[in-house]
$ cat input_6.pdb   # PDB, C-alpha atoms
ATOM      1  CA  MET C 937      86.035  35.526 160.246  1.00  0.00           C
ATOM      2  CA  THR C 938      85.691  31.880 159.276  1.00  0.00           C
ATOM      3  CA  VAL C 939      86.049  30.514 155.747  1.00  0.00           C
ATOM      4  CA  GLY C 940      84.408  27.191 154.829  1.00  0.00           C
ATOM      5  CA  PHE C 941      85.405  24.590 152.249  1.00  0.00           C
ATOM      6  CA  ILE C 942      83.434  21.605 150.941  1.00  0.00           C
ATOM      7  CA  SER C 943      83.759  19.279 147.967  1.00  0.00           C
ATOM      8  CA  ASP C 944      82.577  15.956 146.586  1.00  0.00           C
ATOM      9  CA  LEU C 945      79.036  16.150 147.886  1.00  0.00           C
ATOM     10  CA  HIS C 946      77.814  14.063 144.909  1.00  0.00           C
ATOM     11  CA  LEU C 947      74.240  15.168 145.548  1.00  0.00           C
ATOM     12  CA  ASP C 948      71.669  12.925 143.918  1.00  0.00           C
ATOM     13  CA  ALA C 949      67.992  12.084 144.379  1.00  0.00           C
ATOM     14  CA  GLY C 950      69.070   8.576 145.384  1.00  0.00           C
ATOM     15  CA  ARG C 951      70.788   9.954 148.514  1.00  0.00           C
ATOM     16  CA  PRO C 952      68.172  12.321 149.986  1.00  0.00           C
ATOM     17  CA  GLU C 953      69.845  12.342 153.405  1.00  0.00           C
ATOM     18  CA  ALA C 954      72.982  14.001 151.991  1.00  0.00           C
ATOM     19  CA  THR C 955      70.921  16.605 150.159  1.00  0.00           C
ATOM     20  CA  ALA C 956      68.874  17.330 153.295  1.00  0.00           C
ATOM     21  CA  ALA C 957      72.091  17.791 155.283  1.00  0.00           C
ATOM     22  CA  PHE C 958      73.449  20.227 152.683  1.00  0.00           C
ATOM     23  CA  LEU C 959      70.244  22.281 152.579  1.00  0.00           C
ATOM     24  CA  HIS C 960      70.235  22.445 156.379  1.00  0.00           C
ATOM     25  CA  PHE C 961      73.886  23.512 156.331  1.00  0.00           C
ATOM     26  CA  LEU C 962      73.048  26.383 153.973  1.00  0.00           C
ATOM     27  CA  ARG C 963      70.289  27.546 156.324  1.00  0.00           C
ATOM     28  CA  SER C 964      72.417  27.312 159.460  1.00  0.00           C
ATOM     29  CA  GLN C 965      76.208  27.062 159.869  1.00  0.00           C
ATOM     30  CA  ALA C 966      76.982  28.384 156.391  1.00  0.00           C
ATOM     31  CA  LEU C 967      75.306  31.695 157.178  1.00  0.00           C
ATOM     32  CA  LYS C 968      77.979  32.365 159.808  1.00  0.00           C
ATOM     33  CA  LEU C 969      80.824  32.092 157.287  1.00  0.00           C
ATOM     34  CA  GLU C 970      82.684  34.983 155.739  1.00  0.00           C
ATOM     35  CA  ARG C 971      83.085  32.919 152.564  1.00  0.00           C
ATOM     36  CA  LEU C 972      82.111  29.445 151.370  1.00  0.00           C
ATOM     37  CA  TYR C 973      84.035  27.559 148.676  1.00  0.00           C
ATOM     38  CA  ILE C 974      82.523  24.551 146.864  1.00  0.00           C
ATOM     39  CA  LEU C 975      85.406  22.735 145.185  1.00  0.00           C
ATOM     40  CA  GLY C 976      83.606  20.596 142.650  1.00  0.00           C
ATOM     41  CA  ASP C 977      81.408  17.507 142.398  1.00  0.00           C
ATOM     42  CA  LEU C 978      78.503  19.247 144.070  1.00  0.00           C
ATOM     43  CA  PHE C 979      76.338  16.848 142.065  1.00  0.00           C
ATOM     44  CA  GLU C 980      76.774  13.173 141.271  1.00  0.00           C
ATOM     45  CA  TYR C 981      76.432  14.135 137.615  1.00  0.00           C
ATOM     46  CA  TRP C 982      75.218  17.093 135.574  1.00  0.00           C
ATOM     47  CA  ILE C 983      73.429  16.654 132.262  1.00  0.00           C
ATOM     48  CA  GLY C 984      72.783  20.332 131.598  1.00  0.00           C
ATOM     49  CA  ASP C 985      71.451  23.555 133.040  1.00  0.00           C
ATOM     50  CA  ASP C 986      68.102  22.744 131.433  1.00  0.00           C
ATOM     51  CA  ASP C 987      67.701  19.501 133.400  1.00  0.00           C
ATOM     52  CA  PRO C 988      64.145  19.467 134.840  1.00  0.00           C
ATOM     53  CA  ASN C 989      65.167  17.082 137.655  1.00  0.00           C
ATOM     54  CA  PRO C 990      63.179  18.226 140.754  1.00  0.00           C
ATOM     55  CA  HIS C 991      66.069  17.317 143.050  1.00  0.00           C
ATOM     56  CA  ASN C 992      68.499  19.560 141.211  1.00  0.00           C
ATOM     57  CA  ARG C 993      65.938  22.357 140.991  1.00  0.00           C
ATOM     58  CA  ALA C 994      65.551  22.225 144.790  1.00  0.00           C
ATOM     59  CA  VAL C 995      69.319  22.521 145.265  1.00  0.00           C
ATOM     60  CA  ILE C 996      69.432  25.494 142.891  1.00  0.00           C
ATOM     61  CA  ARG C 997      66.682  27.261 144.852  1.00  0.00           C
ATOM     62  CA  ALA C 998      68.453  26.598 148.155  1.00  0.00           C
ATOM     63  CA  LEU C 999      71.724  27.976 146.816  1.00  0.00           C
ATOM     64  CA  ARG C1000      69.941  31.068 145.526  1.00  0.00           C
ATOM     65  CA  ASP C1001      68.335  31.619 148.933  1.00  0.00           C
ATOM     66  CA  TYR C1002      71.773  31.293 150.501  1.00  0.00           C
ATOM     67  CA  THR C1003      73.638  33.636 148.162  1.00  0.00           C
ATOM     68  CA  GLN C1004      70.974  36.296 148.584  1.00  0.00           C
ATOM     69  CA  GLN C1005      72.035  36.396 152.242  1.00  0.00           C
ATOM     70  CA  GLN C1006      75.708  35.482 151.792  1.00  0.00           C
ATOM     71  CA  PRO C1007      76.869  36.417 148.288  1.00  0.00           C
ATOM     72  CA  ARG C1008      80.495  35.373 148.869  1.00  0.00           C
ATOM     73  CA  CYS C1009      79.960  31.771 147.824  1.00  0.00           C
ATOM     74  CA  TYR C1010      82.356  30.417 145.212  1.00  0.00           C
ATOM     75  CA  PHE C1011      82.285  27.374 142.951  1.00  0.00           C
ATOM     76  CA  LEU C1012      84.775  25.591 140.769  1.00  0.00           C
ATOM     77  CA  PRO C1013      83.696  22.515 138.800  1.00  0.00           C
ATOM     78  CA  GLY C1014      84.639  18.909 139.437  1.00  0.00           C
ATOM     79  CA  ASN C1015      84.894  15.933 137.129  1.00  0.00           C
ATOM     80  CA  ARG C1016      81.204  15.082 137.671  1.00  0.00           C
ATOM     81  CA  ASP C1017      79.720  18.542 137.144  1.00  0.00           C
ATOM     82  CA  PHE C1018      82.151  20.352 134.834  1.00  0.00           C
ATOM     83  CA  MET C1019      79.296  20.840 132.351  1.00  0.00           C
ATOM     84  CA  ILE C1020      77.560  23.283 134.685  1.00  0.00           C
ATOM     85  CA  GLY C1021      77.038  26.450 132.675  1.00  0.00           C
ATOM     86  CA  VAL C1022      76.326  30.140 132.978  1.00  0.00           C
ATOM     87  CA  ASP C1023      72.583  29.650 133.488  1.00  0.00           C
ATOM     88  CA  PHE C1024      73.200  27.575 136.612  1.00  0.00           C
ATOM     89  CA  MET C1025      75.625  30.173 137.954  1.00  0.00           C
ATOM     90  CA  ARG C1026      73.128  32.966 137.300  1.00  0.00           C
ATOM     91  CA  LYS C1027      70.243  31.140 138.975  1.00  0.00           C
ATOM     92  CA  THR C1028      72.244  30.136 142.053  1.00  0.00           C
ATOM     93  CA  GLY C1029      74.222  33.333 142.499  1.00  0.00           C
ATOM     94  CA  LEU C1030      77.429  31.355 142.894  1.00  0.00           C
ATOM     95  CA  GLN C1031      80.635  33.065 141.822  1.00  0.00           C
ATOM     96  CA  PRO C1032      82.731  30.969 139.380  1.00  0.00           C
ATOM     97  CA  LEU C1033      86.413  30.235 139.883  1.00  0.00           C
ATOM     98  CA  ASP C1034      89.076  28.831 137.578  1.00  0.00           C
ATOM     99  CA  ASP C1035      90.663  25.516 138.485  1.00  0.00           C
ATOM    100  CA  PRO C1036      93.216  25.949 139.966  1.00  0.00           C
ATOM    101  CA  CYS C1037      93.321  29.419 141.474  1.00  0.00           C
ATOM    102  CA  VAL C1038      94.895  31.217 144.428  1.00  0.00           C
ATOM    103  CA  ILE C1039      92.822  32.736 147.223  1.00  0.00           C
ATOM    104  CA  ASP C1040      93.687  34.525 150.458  1.00  0.00           C
ATOM    105  CA  VAL C1041      92.862  32.726 153.710  1.00  0.00           C
ATOM    106  CA  GLN C1042      93.908  34.442 156.935  1.00  0.00           C
ATOM    107  CA  GLY C1043      96.598  36.361 155.081  1.00  0.00           C
ATOM    108  CA  MET C1044      97.980  33.193 153.460  1.00  0.00           C
ATOM    109  CA  ALA C1045      98.033  32.483 149.725  1.00  0.00           C
ATOM    110  CA  VAL C1046      96.264  29.132 149.219  1.00  0.00           C
ATOM    111  CA  LEU C1047      96.001  27.274 145.925  1.00  0.00           C
ATOM    112  CA  ILE C1048      92.610  25.578 145.572  1.00  0.00           C
ATOM    113  CA  SER C1049      91.506  22.986 143.043  1.00  0.00           C
ATOM    114  CA  HIS C1050      89.044  20.163 142.595  1.00  0.00           C
ATOM    115  CA  GLY C1051      92.127  17.964 142.334  1.00  0.00           C
ATOM    116  CA  ASP C1052      91.604  15.768 139.290  1.00  0.00           C
ATOM    117  CA  ILE C1053      94.139  17.751 137.251  1.00  0.00           C
ATOM    118  CA  TYR C1054      96.852  16.370 139.534  1.00  0.00           C
ATOM    119  CA  CYS C1055      95.985  12.698 138.929  1.00  0.00           C
ATOM    120  CA  THR C1056      98.494  12.597 136.078  1.00  0.00           C
ATOM    121  CA  ASP C1057      99.324   8.893 136.490  1.00  0.00           C
ATOM    122  CA  ASP C1058      95.825   8.111 135.196  1.00  0.00           C
ATOM    123  CA  THR C1059      96.700   8.906 131.596  1.00  0.00           C
ATOM    124  CA  ALA C1060      93.417   7.578 130.178  1.00  0.00           C
ATOM    125  CA  TYR C1061      91.424   9.908 132.398  1.00  0.00           C
ATOM    126  CA  GLN C1062      93.617  12.891 131.546  1.00  0.00           C
ATOM    127  CA  ARG C1063      93.037  12.260 127.825  1.00  0.00           C
ATOM    128  CA  PHE C1064      89.279  12.176 128.456  1.00  0.00           C
ATOM    129  CA  ARG C1065      89.511  15.326 130.564  1.00  0.00           C
ATOM    130  CA  ARG C1066      91.301  17.283 127.850  1.00  0.00           C
ATOM    131  CA  PHE C1067      88.736  16.149 125.265  1.00  0.00           C
ATOM    132  CA  SER C1068      85.631  16.753 127.396  1.00  0.00           C
ATOM    133  CA  HIS C1069      86.762  20.179 128.643  1.00  0.00           C
ATOM    134  CA  ASN C1070      87.495  21.457 125.138  1.00  0.00           C
ATOM    135  CA  PRO C1071      85.263  24.539 124.644  1.00  0.00           C
ATOM    136  CA  PHE C1072      84.217  23.362 121.169  1.00  0.00           C
ATOM    137  CA  ILE C1073      83.217  19.916 122.487  1.00  0.00           C
ATOM    138  CA  LEU C1074      81.270  21.514 125.329  1.00  0.00           C
ATOM    139  CA  MET C1075      79.460  23.755 122.843  1.00  0.00           C
ATOM    140  CA  LEU C1076      78.495  20.747 120.716  1.00  0.00           C
ATOM    141  CA  TYR C1077      77.345  18.788 123.765  1.00  0.00           C
ATOM    142  CA  ARG C1078      75.118  21.592 125.026  1.00  0.00           C
ATOM    143  CA  ALA C1079      73.526  21.899 121.589  1.00  0.00           C
ATOM    144  CA  LEU C1080      72.336  18.270 121.684  1.00  0.00           C
ATOM    145  CA  PRO C1081      68.760  17.384 122.689  1.00  0.00           C
ATOM    146  CA  PHE C1082      68.414  16.691 126.416  1.00  0.00           C
ATOM    147  CA  GLY C1083      67.568  13.011 125.893  1.00  0.00           C
ATOM    148  CA  VAL C1084      70.730  12.455 123.845  1.00  0.00           C
ATOM    149  CA  ARG C1085      72.814  14.149 126.517  1.00  0.00           C
ATOM    150  CA  ARG C1086      71.275  11.923 129.187  1.00  0.00           C
ATOM    151  CA  ARG C1087      72.221   8.791 127.251  1.00  0.00           C
ATOM    152  CA  LEU C1088      75.780  10.069 126.747  1.00  0.00           C
ATOM    153  CA  VAL C1089      76.175  10.816 130.461  1.00  0.00           C
ATOM    154  CA  ASP C1090      74.770   7.395 131.434  1.00  0.00           C
ATOM    155  CA  LYS C1091      77.188   5.706 129.034  1.00  0.00           C
ATOM    156  CA  ALA C1092      80.142   7.724 130.359  1.00  0.00           C
ATOM    157  CA  ARG C1093      79.246   6.823 133.956  1.00  0.00           C
ATOM    158  CA  ASP C1094      79.035   3.123 133.108  1.00  0.00           C
ATOM    159  CA  GLU C1095      82.402   3.233 131.371  1.00  0.00           C
ATOM    160  CA  SER C1096      83.958   5.134 134.262  1.00  0.00           C
ATOM    161  CA  ARG C1097      82.777   2.540 136.794  1.00  0.00           C
ATOM    162  CA  ALA C1098      84.141  -0.273 134.631  1.00  0.00           C
ATOM    163  CA  GLN C1099      87.521   1.412 134.241  1.00  0.00           C
ATOM    164  CA  LYS C1100      87.854   2.163 137.959  1.00  0.00           C
ATOM    165  CA  ALA C1101      87.441  -1.520 138.740  1.00  0.00           C
ATOM    166  CA  HIS C1102      90.741  -2.180 136.956  1.00  0.00           C
ATOM    167  CA  LYS C1103      92.729   0.790 138.284  1.00  0.00           C
ATOM    168  CA  SER C1104      94.774   0.851 141.450  1.00  0.00           C
ATOM    169  CA  ALA C1105      94.106   3.458 144.133  1.00  0.00           C
ATOM    170  CA  GLU C1106      97.613   4.813 143.555  1.00  0.00           C
ATOM    171  CA  ILE C1107      96.958   5.518 139.867  1.00  0.00           C
ATOM    172  CA  MET C1108      93.762   7.413 140.727  1.00  0.00           C
ATOM    173  CA  ASP C1109      95.478   9.476 143.429  1.00  0.00           C
ATOM    174  CA  VAL C1110      97.363  12.719 142.841  1.00  0.00           C
ATOM    175  CA  ASN C1111     100.927  12.727 141.577  1.00  0.00           C
ATOM    176  CA  GLN C1112     103.337  14.413 143.978  1.00  0.00           C
ATOM    177  CA  SER C1113     105.478  15.862 141.202  1.00  0.00           C
ATOM    178  CA  ALA C1114     102.385  17.417 139.581  1.00  0.00           C
ATOM    179  CA  ILE C1115     101.426  18.895 142.953  1.00  0.00           C
ATOM    180  CA  GLU C1116     104.851  20.423 143.486  1.00  0.00           C
ATOM    181  CA  GLU C1117     105.059  21.766 139.939  1.00  0.00           C
ATOM    182  CA  SER C1118     101.711  23.536 140.315  1.00  0.00           C
ATOM    183  CA  MET C1119     102.625  24.989 143.706  1.00  0.00           C
ATOM    184  CA  ARG C1120     105.874  26.351 142.257  1.00  0.00           C
ATOM    185  CA  GLU C1121     103.991  27.862 139.313  1.00  0.00           C
ATOM    186  CA  PHE C1122     101.626  29.746 141.625  1.00  0.00           C
ATOM    187  CA  GLY C1123     104.257  30.546 144.252  1.00  0.00           C
ATOM    188  CA  VAL C1124     102.440  28.947 147.201  1.00  0.00           C
ATOM    189  CA  THR C1125     103.261  26.480 149.956  1.00  0.00           C
ATOM    190  CA  THR C1126      99.659  25.448 150.708  1.00  0.00           C
ATOM    191  CA  LEU C1127      97.308  23.541 148.397  1.00  0.00           C
ATOM    192  CA  LEU C1128      93.733  22.492 149.173  1.00  0.00           C
ATOM    193  CA  HIS C1129      91.751  20.088 146.993  1.00  0.00           C
ATOM    194  CA  GLY C1130      89.136  17.337 146.905  1.00  0.00           C
ATOM    195  CA  HIS C1131      88.410  14.613 144.323  1.00  0.00           C
ATOM    196  CA  THR C1132      90.404  11.706 145.783  1.00  0.00           C
ATOM    197  CA  HIS C1133      88.069  11.102 148.750  1.00  0.00           C
ATOM    198  CA  ARG C1134      91.142  10.673 150.965  1.00  0.00           C
ATOM    199  CA  PRO C1135      90.823  13.423 153.596  1.00  0.00           C
ATOM    200  CA  ASP C1136      94.158  14.221 155.214  1.00  0.00           C
ATOM    201  CA  GLU C1137      96.891  16.818 155.593  1.00  0.00           C
ATOM    202  CA  HIS C1138     100.237  16.036 153.959  1.00  0.00           C
ATOM    203  CA  SER C1139     103.409  17.879 154.972  1.00  0.00           C
ATOM    204  CA  PHE C1140     106.477  17.891 152.737  1.00  0.00           C
ATOM    205  CA  SER C1141     109.434  20.026 151.728  1.00  0.00           C
ATOM    206  CA  LEU C1142     109.083  22.202 148.638  1.00  0.00           C
ATOM    207  CA  ASP C1143     112.423  23.634 147.526  1.00  0.00           C
ATOM    208  CA  GLY C1144     113.541  23.788 151.146  1.00  0.00           C
ATOM    209  CA  ASN C1145     110.293  25.311 152.436  1.00  0.00           C
ATOM    210  CA  ALA C1146     107.643  23.595 154.548  1.00  0.00           C
ATOM    211  CA  ALA C1147     104.600  22.861 152.399  1.00  0.00           C
ATOM    212  CA  THR C1148     101.130  21.444 153.072  1.00  0.00           C
ATOM    213  CA  ARG C1149      98.553  19.654 150.933  1.00  0.00           C
ATOM    214  CA  ILE C1150      95.076  19.540 152.464  1.00  0.00           C
ATOM    215  CA  VAL C1151      92.565  17.020 151.086  1.00  0.00           C
ATOM    216  CA  LEU C1152      88.833  17.434 151.679  1.00  0.00           C
ATOM    217  CA  GLY C1153      86.545  14.500 152.381  1.00  0.00           C
ATOM    218  CA  ASP C1154      83.443  13.390 150.488  1.00  0.00           C
ATOM    219  CA  TRP C1155      79.795  13.406 151.567  1.00  0.00           C
ATOM    220  CA  TYR C1156      78.952   9.723 151.109  1.00  0.00           C
ATOM    221  CA  ASP C1157      78.796   8.815 154.812  1.00  0.00           C
ATOM    222  CA  SER C1158      78.759  12.267 156.422  1.00  0.00           C
ATOM    223  CA  GLY C1159      79.110  15.897 155.431  1.00  0.00           C
ATOM    224  CA  PRO C1160      82.623  17.106 156.261  1.00  0.00           C
ATOM    225  CA  VAL C1161      83.189  20.867 156.252  1.00  0.00           C
ATOM    226  CA  LEU C1162      86.647  22.383 156.640  1.00  0.00           C
ATOM    227  CA  TYR C1163      86.492  25.564 158.696  1.00  0.00           C
ATOM    228  CA  TRP C1164      89.487  27.911 158.640  1.00  0.00           C
ATOM    229  CA  ASP C1165      89.814  30.981 160.842  1.00  0.00           C
ATOM    230  CA  ALA C1166      92.379  32.818 162.978  1.00  0.00           C
ATOM    231  CA  ALA C1167      92.513  29.856 165.374  1.00  0.00           C
ATOM    232  CA  GLY C1168      93.500  27.459 162.583  1.00  0.00           C
ATOM    233  CA  ARG C1169      91.806  24.667 160.621  1.00  0.00           C
ATOM    234  CA  ARG C1170      89.259  22.153 161.844  1.00  0.00           C
ATOM    235  CA  THR C1171      86.878  19.715 160.208  1.00  0.00           C
ATOM    236  CA  ALA C1172      83.309  19.181 161.424  1.00  0.00           C
ATOM    237  CA  LYS C1173      80.990  16.518 160.088  1.00  0.00           C
ATOM    238  CA  LEU C1174      77.282  16.758 159.440  1.00  0.00           C
ATOM    239  CA  ASP C1175      76.109  13.275 160.443  1.00  0.00           C
ATOM    240  CA  TYR C1176      73.158  11.680 158.634  1.00  0.00           C
TER     241      TYR C1176
END

$ encode --input "input_6.pdb" --output "structure tokens"
Amino acid sequence: MTVGFISDLHLDAGRPEATAAFLHFLRSQALKLERLYILGDLFEYWIGDDDPNPHNRAVIRALRDYTQQQPRCYFLPGNRDFMIGVDFMRKTGLQPLDDPCVIDVQGMAVLISHGDIYCTDDTAYQRFRRFSHNPFILMLYRALPFGVRRRLVDKARDESRAQKAHKSAEIMDVNQSAIEESMREFGVTTLLHGHTHRPDEHSFSLDGNAATRIVLGDWYDSGPVLYWDAAGRRTAKLDY
């Protein structure tokens, strides 16, 4: 059976073609999968599970329709939608995963992650990540009125864009030492992640063993899906 992986869709009302492609995917190719993994940044941003945004409500309904037919659909959060909560998971029927975690694919132990935890050279971002993912901070954020949360998210997005303009691509990419340390910790030789928007497969030696890091692509220009079955791995794009 085939397992599918996607990440960095960045769905938003301003890019209806990407959302339409995703909804079509859920109604077609995705139904043929044994399992589907969504590795973060499903949305461009997430203000809260109580967001009345019609676009997001439509995505939630489509995911619920999908999981009622194919319940083995898994989600781990990205840096844009880490504030997704239990209400979203309940309404969609998605099954939550920790980041990172190990799954079995064709009898192989594979470490999966959104990927931002490995961008350790970007120290400013890692400080923000530790602060924003703190359970107490998340509890306080979710207790704020929706309008206040919207302003905070808009401010954070503006600051993020400004900071990226002054950072090199290398700083925002993953750190190889962090990758290897995590793979040793989990006892794997294969890692699959998104976040960097640099789709590729990287081969390297890990303590004398052949190792592979697979990077998923984003959905800004097309909708890449990584399919993995007994015949191997292949990427197909949903053009739009």

$ residues_around --input "input_6.pdb" --residues "C:Cys1055" --least-positions-apart "2" --cutoff "12 Å" --atoms "all atoms listed in the file" --output "list of chain:residue names"
C:Asn1015, C:Ser1049, C:His1050, C:Gly1051, C:Asp1052, C:Ile1053, C:Asp1057, C:Asp1058, C:Thr1059, C:Ala1060, C:Tyr1061, C:Gln1062, C:Arg1063, C:Arg1065, C:Ala1105, C:Glu1106, C:Ile1107, C:Met1108, C:Asp1109, C:Val1110, C:Asn1111, C:Gln1112, C:Ser1113, C:Ala1114, C:Ile1115, C:His1129, C:Gly1130, C:His1131, C:Thr1132

$ write_last_selection --input "input_6.pdb" --atoms "C-alpha atoms" --output "PDB file, in the frame of the given file"
ATOM      1  CA  ASN C1015      84.894  15.933 137.129  1.00  0.00           C
ATOM      2  CA  SER C1049      91.506  22.986 143.043  1.00  0.00           C
ATOM      3  CA  HIS C1050      89.044  20.163 142.595  1.00  0.00           C
ATOM      4  CA  GLY C1051      92.127  17.964 142.334  1.00  0.00           C
ATOM      5  CA  ASP C1052      91.604  15.768 139.290  1.00  0.00           C
ATOM      6  CA  ILE C1053      94.139  17.751 137.251  1.00  0.00           C
ATOM      7  CA  ASP C1057      99.324   8.893 136.490  1.00  0.00           C
ATOM      8  CA  ASP C1058      95.825   8.111 135.196  1.00  0.00           C
ATOM      9  CA  THR C1059      96.700   8.906 131.596  1.00  0.00           C
ATOM     10  CA  ALA C1060      93.417   7.578 130.178  1.00  0.00           C
ATOM     11  CA  TYR C1061      91.424   9.908 132.398  1.00  0.00           C
ATOM     12  CA  GLN C1062      93.617  12.891 131.546  1.00  0.00           C
ATOM     13  CA  ARG C1063      93.037  12.260 127.825  1.00  0.00           C
ATOM     14  CA  ARG C1065      89.511  15.326 130.564  1.00  0.00           C
ATOM     15  CA  ALA C1105      94.106   3.458 144.133  1.00  0.00           C
ATOM     16  CA  GLU C1106      97.613   4.813 143.555  1.00  0.00           C
ATOM     17  CA  ILE C1107      96.958   5.518 139.867  1.00  0.00           C
ATOM     18  CA  MET C1108      93.762   7.413 140.727  1.00  0.00           C
ATOM     19  CA  ASP C1109      95.478   9.476 143.429  1.00  0.00           C
ATOM     20  CA  VAL C1110      97.363  12.719 142.841  1.00  0.00           C
ATOM     21  CA  ASN C1111     100.927  12.727 141.577  1.00  0.00           C
ATOM     22  CA  GLN C1112     103.337  14.413 143.978  1.00  0.00           C
ATOM     23  CA  SER C1113     105.478  15.862 141.202  1.00  0.00           C
ATOM     24  CA  ALA C1114     102.385  17.417 139.581  1.00  0.00           C
ATOM     25  CA  ILE C1115     101.426  18.895 142.953  1.00  0.00           C
ATOM     26  CA  HIS C1129      91.751  20.088 146.993  1.00  0.00           C
ATOM     27  CA  GLY C1130      89.136  17.337 146.905  1.00  0.00           C
ATOM     28  CA  HIS C1131      88.410  14.613 144.323  1.00  0.00           C
ATOM     29  CA  THR C1132      90.404  11.706 145.783  1.00  0.00           C
TER      30      THR C1132
END

$ closest_residue --input "input_6.pdb" --among "C:Ala1172, C:Ile974, C:Leu1030, C:Leu1012" --to "C:Arg997" --atoms "only C-alpha atoms"
C:Leu1030

$ closest_residue --input "input_6.pdb" --among "C:Thr1003, C:Asn1145, C:Thr938, C:Ser1158" --to "C:Asp1175" --atoms "only C-alpha atoms"
C:Ser1158

$ closest_atom_pairs --input "input_6.pdb" --of "stretch 966-1021 of chain C" --to "stretch 1159-1171 of chain C" --cutoff "12 Å" --atoms "all atoms listed in the file" --output "Markdown table"
| residue | atom | partner | partner_atom | distance |
| --- | --- | --- | --- | --- |
| C:Ala966 | CA | C:Val1161 | CA | 9.7 |
| C:Lys968 | CA | C:Tyr1163 | CA | 11.0 |
| C:Leu969 | CA | C:Tyr1163 | CA | 8.8 |
| C:Glu970 | CA | C:Asp1165 | CA | 9.6 |
| C:Arg971 | CA | C:Trp1164 | CA | 10.1 |
| C:Leu972 | CA | C:Tyr1163 | CA | 9.4 |
| C:Tyr973 | CA | C:Leu1162 | CA | 9.9 |
| C:Ile974 | CA | C:Val1161 | CA | 10.1 |
| C:Leu975 | CA | C:Val1161 | CA | 11.4 |
| C:Leu978 | CA | C:Gly1159 | CA | 11.9 |

$ closest_atom_pairs --input "input_6.pdb" --of "stretch 1005-1051 of chain C" --to "stretch 1088-1093 of chain C" --cutoff "12 Å" --atoms "only C-alpha atoms" --output "CSV"
residue,atom,partner,partner_atom,distance
C:Asn1015,CA,C:Arg1093,CA,11.2
C:Arg1016,CA,C:Arg1093,CA,9.3
C:Asp1017,CA,C:Val1089,CA,10.8
C:Met1019,CA,C:Val1089,CA,10.7

$ atom_distance --input "input_6.pdb" --atom1 "atom CA of C:Arg1085" --atom2 "atom CA of C:Phe958"
26.9 Å

$ decode --input "input_6.pdb" --residues "stretch 996-1011 of chain C" --atoms "C-alpha atoms" --output "short mmCIF file (atom, residue, chain, number, x, y, z; two decimals), in the first residue's frame"
data_model
loop_
_atom_site.label_atom_id
_atom_site.label_comp_id
_atom_site.auth_asym_id
_atom_site.auth_seq_id
_atom_site.Cartn_x
_atom_site.Cartn_y
_atom_site.Cartn_z
CA ILE C 996 -11.96 21.68 8.03
CA ARG C 997 -15.11 20.25 6.43
CA ALA C 998 -13.11 18.72 3.58
CA LEU C 999 -10.69 17.09 6.00
CA ARG C 1000 -13.58 15.71 8.03
CA ASP C 1001 -15.15 14.25 4.89
CA TYR C 1002 -11.81 12.66 4.06
CA THR C 1003 -11.09 11.16 7.47
CA GLN C 1004 -14.56 9.66 7.62
CA GLN C 1005 -13.50 7.57 4.62
CA GLN C 1006 -9.78 7.30 5.40
CA PRO C 1007 -9.20 7.72 9.14
CA ARG C 1008 -5.44 7.11 8.95
CA CYS C 1009 -4.56 10.74 8.32
CA TYR C 1010 -1.92 12.24 10.60
CA PHE C 1011 -0.87 15.80 11.37
#
